[in-house]
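Chemist: This is the structure, below, for whatever I ask next.
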Amino acid sequence: MAGTFTEAYRQAGYAIANPRNQWSALSADGTRVAMTVWSDEIDKSSEPWVVDIRDHPRLEAWGGRTGNAIRKKHIAHALVRCAGRVDLILCVAEDPTRQPRRIKIARHWPQRIGRLDPDGFDPETGTFRLWLDPA
């Protein structure tokens with residue numbers, strides 16, 4: 001079921017306090033992490049699919065934003081406490097070239113399981129590589 005960003009996180013079992021400035025979430029009990037992935041940033045050329053933003057062309061635009069600071073904390077938590085596993089919230093942009101992006105559709109994506117690459121995370125910049133394994 002597709003809906004709003006907040007609804008997608010709620011369906012996955014997470015609360016989002018500020019949807020404009022939160023790109024990830026931690027479960028109330030601290031045992032799970034969810035992350036937003038954009039459909040146009042997924043490399044589906046082979047399995048597992050991957051989202052790799054380590055050389056993202058717009059890093060300067062979003063690197064200092066609140067959403068990235070929160071996501072860095074959540075990624076670090078997922079790597080230490082969740083073996084790198086994250087739930088996925090899939091977003092489709094109205095126009096992938098427009099900045100800031102506007103969400104056309106957001107949904108919980110249980111058909112794929114996110115697995116963070118511990119060597120692909122830069123805690124300074126917040127860039128990461130995330131494998132999207134079939135569930």
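A note on labels: chains of the structure tokens are A, B, ... as shown, every chain counts residues from 1, and ligands are counted from 1 in their shown order.
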Need the shell around A:Ala28: protein/DNA/RNA residues with any atom at most 12 Å away, counting only C-alpha atoms. Skip same-chain ones fewer than 2 positions apart. Format as a list in words?
Modeler: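 In the requested format, the answer is Arg10, Gly13, Tyr14, Ala15, Ile16, Ala25, Leu26, Gly30, Thr31, Arg32, Val33 and Ala34 of chain A.
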Chemist: Write out as an NGL selection string which residues come within 7 Å of A:Asp52 when counting only C-alpha atoms, dropping same-chain ones fewer than 2 positions away.
Modeler: :A and (50 or 54 or 128-130)
Chemist: Hey, can you spit out that residue selection with C-alpha atoms as a CSV table (one decimal), in the first residue's frame?
Modeler:
```csv
chain,number,residue,atom,x,y,z
A,50,VAL,CA,22.5,-1.8,-4.2
A,54,ARG,CA,29.5,7.2,-1.5
A,128,PHE,CA,27.0,4.6,2.7
A,129,ARG,CA,26.5,1.5,0.6
A,130,LEU,CA,23.4,-0.5,1.2
```
Chemist: Could you tell me how far atom CA of A:Ala69 lies from atom CA of A:Glu47, in Å and to one decimal?
Modeler: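 Distance between the two atoms: 29.4 Å.
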Chemist: Looking at A:Lys44, A:Arg58, A:Lys73, A:Arg20, which one is nearest to A:Thr6, with distances taken over only C-alpha atoms?
Modeler: A:Arg20
Chemist: Check chain A with DSSP on the backbone and list each residue it calls strand (DSSP E), as a PyMOL selection string.
Modeler: chain A and resi 24-26+33-38+49-52+85-93+103-108+112-116+129-134
Chemist: Write a file of the just-selected residues containing N, CA and C atoms, as a compact mmCIF listing (two decimals), in the first residue's frame.
Modeler:
```txt
# COMPACT_ATOMS: atom_id res chain seq x y z
N SER A 24 15.42 8.52 8.27
CA SER A 24 15.58 7.19 8.88
C SER A 24 14.88 7.23 10.22
N ALA A 25 14.77 6.06 10.85
CA ALA A 25 14.11 6.01 12.16
C ALA A 25 14.64 4.83 12.96
N LEU A 26 14.54 4.97 14.26
CA LEU A 26 14.91 3.93 15.21
C LEU A 26 13.62 3.46 15.88
N VAL A 33 16.13 -0.50 12.84
CA VAL A 33 16.34 0.77 12.16
C VAL A 33 15.68 0.68 10.79
N ALA A 34 15.09 1.78 10.35
CA ALA A 34 14.53 1.87 8.99
C ALA A 34 15.20 3.03 8.28
N MET A 35 15.39 2.88 6.97
CA MET A 35 16.00 3.93 6.16
C MET A 35 15.18 4.16 4.90
N THR A 36 15.17 5.40 4.46
CA THR A 36 14.55 5.77 3.20
C THR A 36 15.50 5.47 2.06
N VAL A 37 14.97 4.86 0.99
CA VAL A 37 15.74 4.71 -0.25
C VAL A 37 14.89 5.28 -1.39
N TRP A 38 15.55 5.94 -2.33
CA TRP A 38 14.88 6.51 -3.49
C TRP A 38 14.96 5.53 -4.64
N TRP A 49 20.62 -6.04 -5.21
CA TRP A 49 20.54 -4.66 -5.66
C TRP A 49 21.30 -3.80 -4.66
N VAL A 50 21.69 -2.60 -5.06
CA VAL A 50 22.50 -1.77 -4.17
C VAL A 50 22.13 -0.29 -4.31
N VAL A 51 22.22 0.40 -3.18
CA VAL A 51 22.17 1.87 -3.15
C VAL A 51 23.54 2.28 -2.64
N ASP A 52 24.29 2.98 -3.47
CA ASP A 52 25.65 3.39 -3.12
C ASP A 52 25.75 4.90 -3.30
N ARG A 85 21.47 -4.68 9.55
CA ARG A 85 20.18 -4.91 8.90
C ARG A 85 19.25 -3.72 9.15
N VAL A 86 18.57 -3.29 8.08
CA VAL A 86 17.62 -2.19 8.20
C VAL A 86 16.35 -2.50 7.41
N ASP A 87 15.23 -1.99 7.91
CA ASP A 87 13.98 -2.03 7.17
C ASP A 87 14.03 -0.91 6.14
N LEU A 88 13.29 -1.08 5.06
CA LEU A 88 13.36 -0.13 3.96
C LEU A 88 12.04 0.60 3.74
N ILE A 89 12.15 1.90 3.51
CA ILE A 89 11.03 2.72 3.09
C ILE A 89 11.38 3.19 1.68
N LEU A 90 10.61 2.75 0.70
CA LEU A 90 10.87 3.07 -0.69
C LEU A 90 10.10 4.33 -1.08
N CYS A 91 10.82 5.31 -1.63
CA CYS A 91 10.20 6.54 -2.08
C CYS A 91 10.41 6.71 -3.58
N VAL A 92 9.37 7.17 -4.24
CA VAL A 92 9.43 7.52 -5.65
C VAL A 92 9.28 9.04 -5.72
N ALA A 93 10.23 9.70 -6.38
CA ALA A 93 10.19 11.16 -6.49
C ALA A 93 9.24 11.60 -7.59
N ILE A 103 8.08 13.79 -2.67
CA ILE A 103 7.70 12.38 -2.71
C ILE A 103 6.37 12.21 -3.43
N LYS A 104 6.38 11.36 -4.44
CA LYS A 104 5.15 11.00 -5.15
C LYS A 104 4.47 9.85 -4.42
N ILE A 105 5.25 8.82 -4.09
CA ILE A 105 4.75 7.64 -3.38
C ILE A 105 5.81 7.21 -2.38
N ALA A 106 5.37 6.82 -1.19
CA ALA A 106 6.25 6.22 -0.18
C ALA A 106 5.56 4.99 0.36
N ARG A 107 6.35 3.93 0.55
CA ARG A 107 5.76 2.71 1.10
C ARG A 107 6.82 1.89 1.82
N HIS A 108 6.37 1.15 2.81
CA HIS A 108 7.22 0.16 3.46
C HIS A 108 7.53 -0.90 2.41
N ARG A 112 12.25 -6.47 0.28
CA ARG A 112 13.71 -6.36 0.30
C ARG A 112 14.15 -6.06 1.73
N ILE A 113 15.33 -6.57 2.08
CA ILE A 113 15.93 -6.32 3.40
C ILE A 113 17.22 -5.54 3.17
N GLY A 114 17.36 -4.41 3.83
CA GLY A 114 18.57 -3.62 3.70
C GLY A 114 19.68 -4.20 4.56
N ARG A 115 20.88 -4.24 3.98
CA ARG A 115 22.07 -4.72 4.70
C ARG A 115 23.19 -3.73 4.46
N LEU A 116 23.55 -2.98 5.49
CA LEU A 116 24.59 -1.96 5.37
C LEU A 116 25.97 -2.58 5.25
N ARG A 129 26.96 2.49 1.59
CA ARG A 129 26.53 1.51 0.59
C ARG A 129 25.58 0.57 1.30
N LEU A 130 24.45 0.30 0.65
CA LEU A 130 23.39 -0.51 1.25
C LEU A 130 22.96 -1.56 0.24
N TRP A 131 23.11 -2.83 0.60
CA TRP A 131 22.64 -3.91 -0.25
C TRP A 131 21.17 -4.15 0.04
N LEU A 132 20.41 -4.45 -1.01
CA LEU A 132 18.97 -4.70 -0.89
C LEU A 132 18.72 -6.15 -1.24
N ASP A 133 18.76 -7.00 -0.23
CA ASP A 133 18.59 -8.44 -0.42
C ASP A 133 17.12 -8.80 -0.57
N PRO A 134 16.80 -9.81 -1.39
CA PRO A 134 15.42 -10.30 -1.42
C PRO A 134 15.03 -10.82 -0.04
```
Chemist: As a JSON list (two decimals) with C-alpha atoms, in the first residue's frame, please: every residue in chain A that DSSP puts in helix (DSSP H, G or I).
Modeler:
```json
[["chain", "number", "residue", "atom", "x", "y", "z"],
["A", 5, "PHE", "CA", 6.13, 9.22, 4.04],
["A", 6, "THR", "CA", 4.84, 9.23, 7.62],
["A", 7, "GLU", "CA", 2.31, 6.47, 6.86],
["A", 8, "ALA", "CA", 5.02, 4.32, 5.26],
["A", 9, "TYR", "CA", 7.17, 4.52, 8.39],
["A", 10, "ARG", "CA", 4.14, 3.89, 10.60],
["A", 11, "GLN", "CA", 3.24, 0.76, 8.58],
["A", 39, "SER", "CA", 13.78, 4.29, -6.37],
["A", 40, "ASP", "CA", 15.97, 6.11, -8.91],
["A", 41, "GLU", "CA", 19.12, 5.54, -6.80],
["A", 59, "LEU", "CA", 26.48, 15.49, -1.25],
["A", 60, "GLU", "CA", 27.28, 19.17, -0.72],
["A", 61, "ALA", "CA", 23.58, 20.02, -0.92],
["A", 62, "TRP", "CA", 22.39, 17.53, 1.72],
["A", 66, "THR", "CA", 19.48, 17.54, 9.85],
["A", 67, "GLY", "CA", 18.20, 14.41, 8.08],
["A", 68, "ASN", "CA", 21.75, 13.33, 7.31],
["A", 69, "ALA", "CA", 22.89, 13.92, 10.90],
["A", 70, "ILE", "CA", 20.04, 11.77, 12.20],
["A", 71, "ARG", "CA", 20.66, 9.08, 9.57],
["A", 72, "LYS", "CA", 24.38, 8.90, 10.48],
["A", 73, "LYS", "CA", 23.40, 8.08, 14.07],
["A", 74, "HIS", "CA", 20.88, 5.49, 12.91],
["A", 75, "ILE", "CA", 23.37, 3.85, 10.53],
["A", 76, "ALA", "CA", 25.97, 3.64, 13.30],
["A", 77, "HIS", "CA", 23.34, 2.12, 15.60],
["A", 78, "ALA", "CA", 22.28, -0.41, 12.93],
["A", 79, "LEU", "CA", 25.87, -1.49, 12.34],
["A", 80, "VAL", "CA", 26.54, -2.03, 16.05],
["A", 81, "ARG", "CA", 23.17, -3.25, 17.34],
["A", 118, "PRO", "CA", 30.28, -1.73, 7.35],
["A", 119, "ASP", "CA", 33.24, -0.72, 5.16],
["A", 120, "GLY", "CA", 31.03, 1.48, 2.98]]
```
Chemist: Given the choices A:Thr4, A:Gln111, A:Thr127, A:Asn21, which gets closest to A:Arg65 if the distance is worked out from only C-alpha atoms?
Modeler: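 Looking only at the distances to A:Arg65, the closest residue turns out to be A:Asn21.
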Chemist: Would you mind reading off the distance between atom CA of A:Ala135 and atom CA of A:Trp109, one decimal, in Å?
Modeler: 9.7 Å
